[in-house]
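Some notes on the structure that comes next.
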Amino acid sequence: MNSLSKNKKEFWLKAIKIYIDVMNTNRIQEVIQAYQKSDYEKAQILAQTILDSGEESPVLYNILGAIYSNKGNNLQAKENFQISIKKFPDFQASYFNLGNILHSESDNKNALKNFYKSVEIDKNFGPAYE
């Protein structure tokens with residue numbers, strides 16, 4: 001393969017990667033929009049579909065956790081927040097949301113640990129101080 005062909009191949013591989021990244025970002029935005037419109041079923045299906053395709057994002061696990069929490073399924077909510085925390089330890093929203101569930105279950109010691117971690121990550125995160 002001559003150098004011109006190699007450069008073209010590298011160019012197209014980079015272009016394809018950028019396209020995939022943009023498409024995944026758009027898909028995550030679609031999940032966020034569905035959630036914000038309270039279309040939880042659509043948000044859940046989209047988020048799970050993206051995760052099942054191999055794409056990972058703390059936003060997706062966090063939204064799934066919030067959806068399960070809204071449905072009263074704290075076990076699955078906690079599981080999704082914990083996955084988010086394990087895979088993306090700097091994503092503060094998952095600590096805060098896990099703390100809320102733990103607090104609702106009267107596990108205040110662990111709730112406080114999660115609230116503190118949330119503030120440690122983002123000192124300006126107001127709801128953690130409430």
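Chain lettering (A, B, ...) mirrors the order of the structure tokens, residue numbering begins at 1 for each chain separately, and ligand numbering begins at 1 in order of display.
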
Applying 10 Å and only C-alpha atoms, which residues near A:Phe115 remain after dropping the ones on its own chain fewer than 2 positions away? List them as a PyMOL selection string. chain A and resi 92-100+103+110-113+117-120+127-129

Using only C-alpha atoms, which residues sit within 9 Å of stretch 61-65 of chain A once same-chain residues fewer than 3 positions away are excluded, as number ranges by chain? A: 31-32, 35, 40, 43-44, 47-48, 51, 56-58, 68-70, 73-74, 76-84, 93-94, 97-98

Under the rule that only C-alpha atoms are counted, which of A:Asn26, A:Asn114, A:Asn108, A:Lys37 is the nearest residue to A:Pro89? A:Asn114

Just how far from atom CA of A:Asp122 is atom CA of A:Phe91, in Å to one decimal?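 Separation of atom CA of A:Phe91 and atom CA of A:Asp122: 9.2 Å.
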
Name the closest residue to A:Glu30 among the candidates A:Glu10, A:Ile101, A:Glu55, A:Leu60; distances are taken between atoms, counting only C-alpha atoms.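 With only C-alpha atoms as the atom set, the closest residue is A:Leu60.
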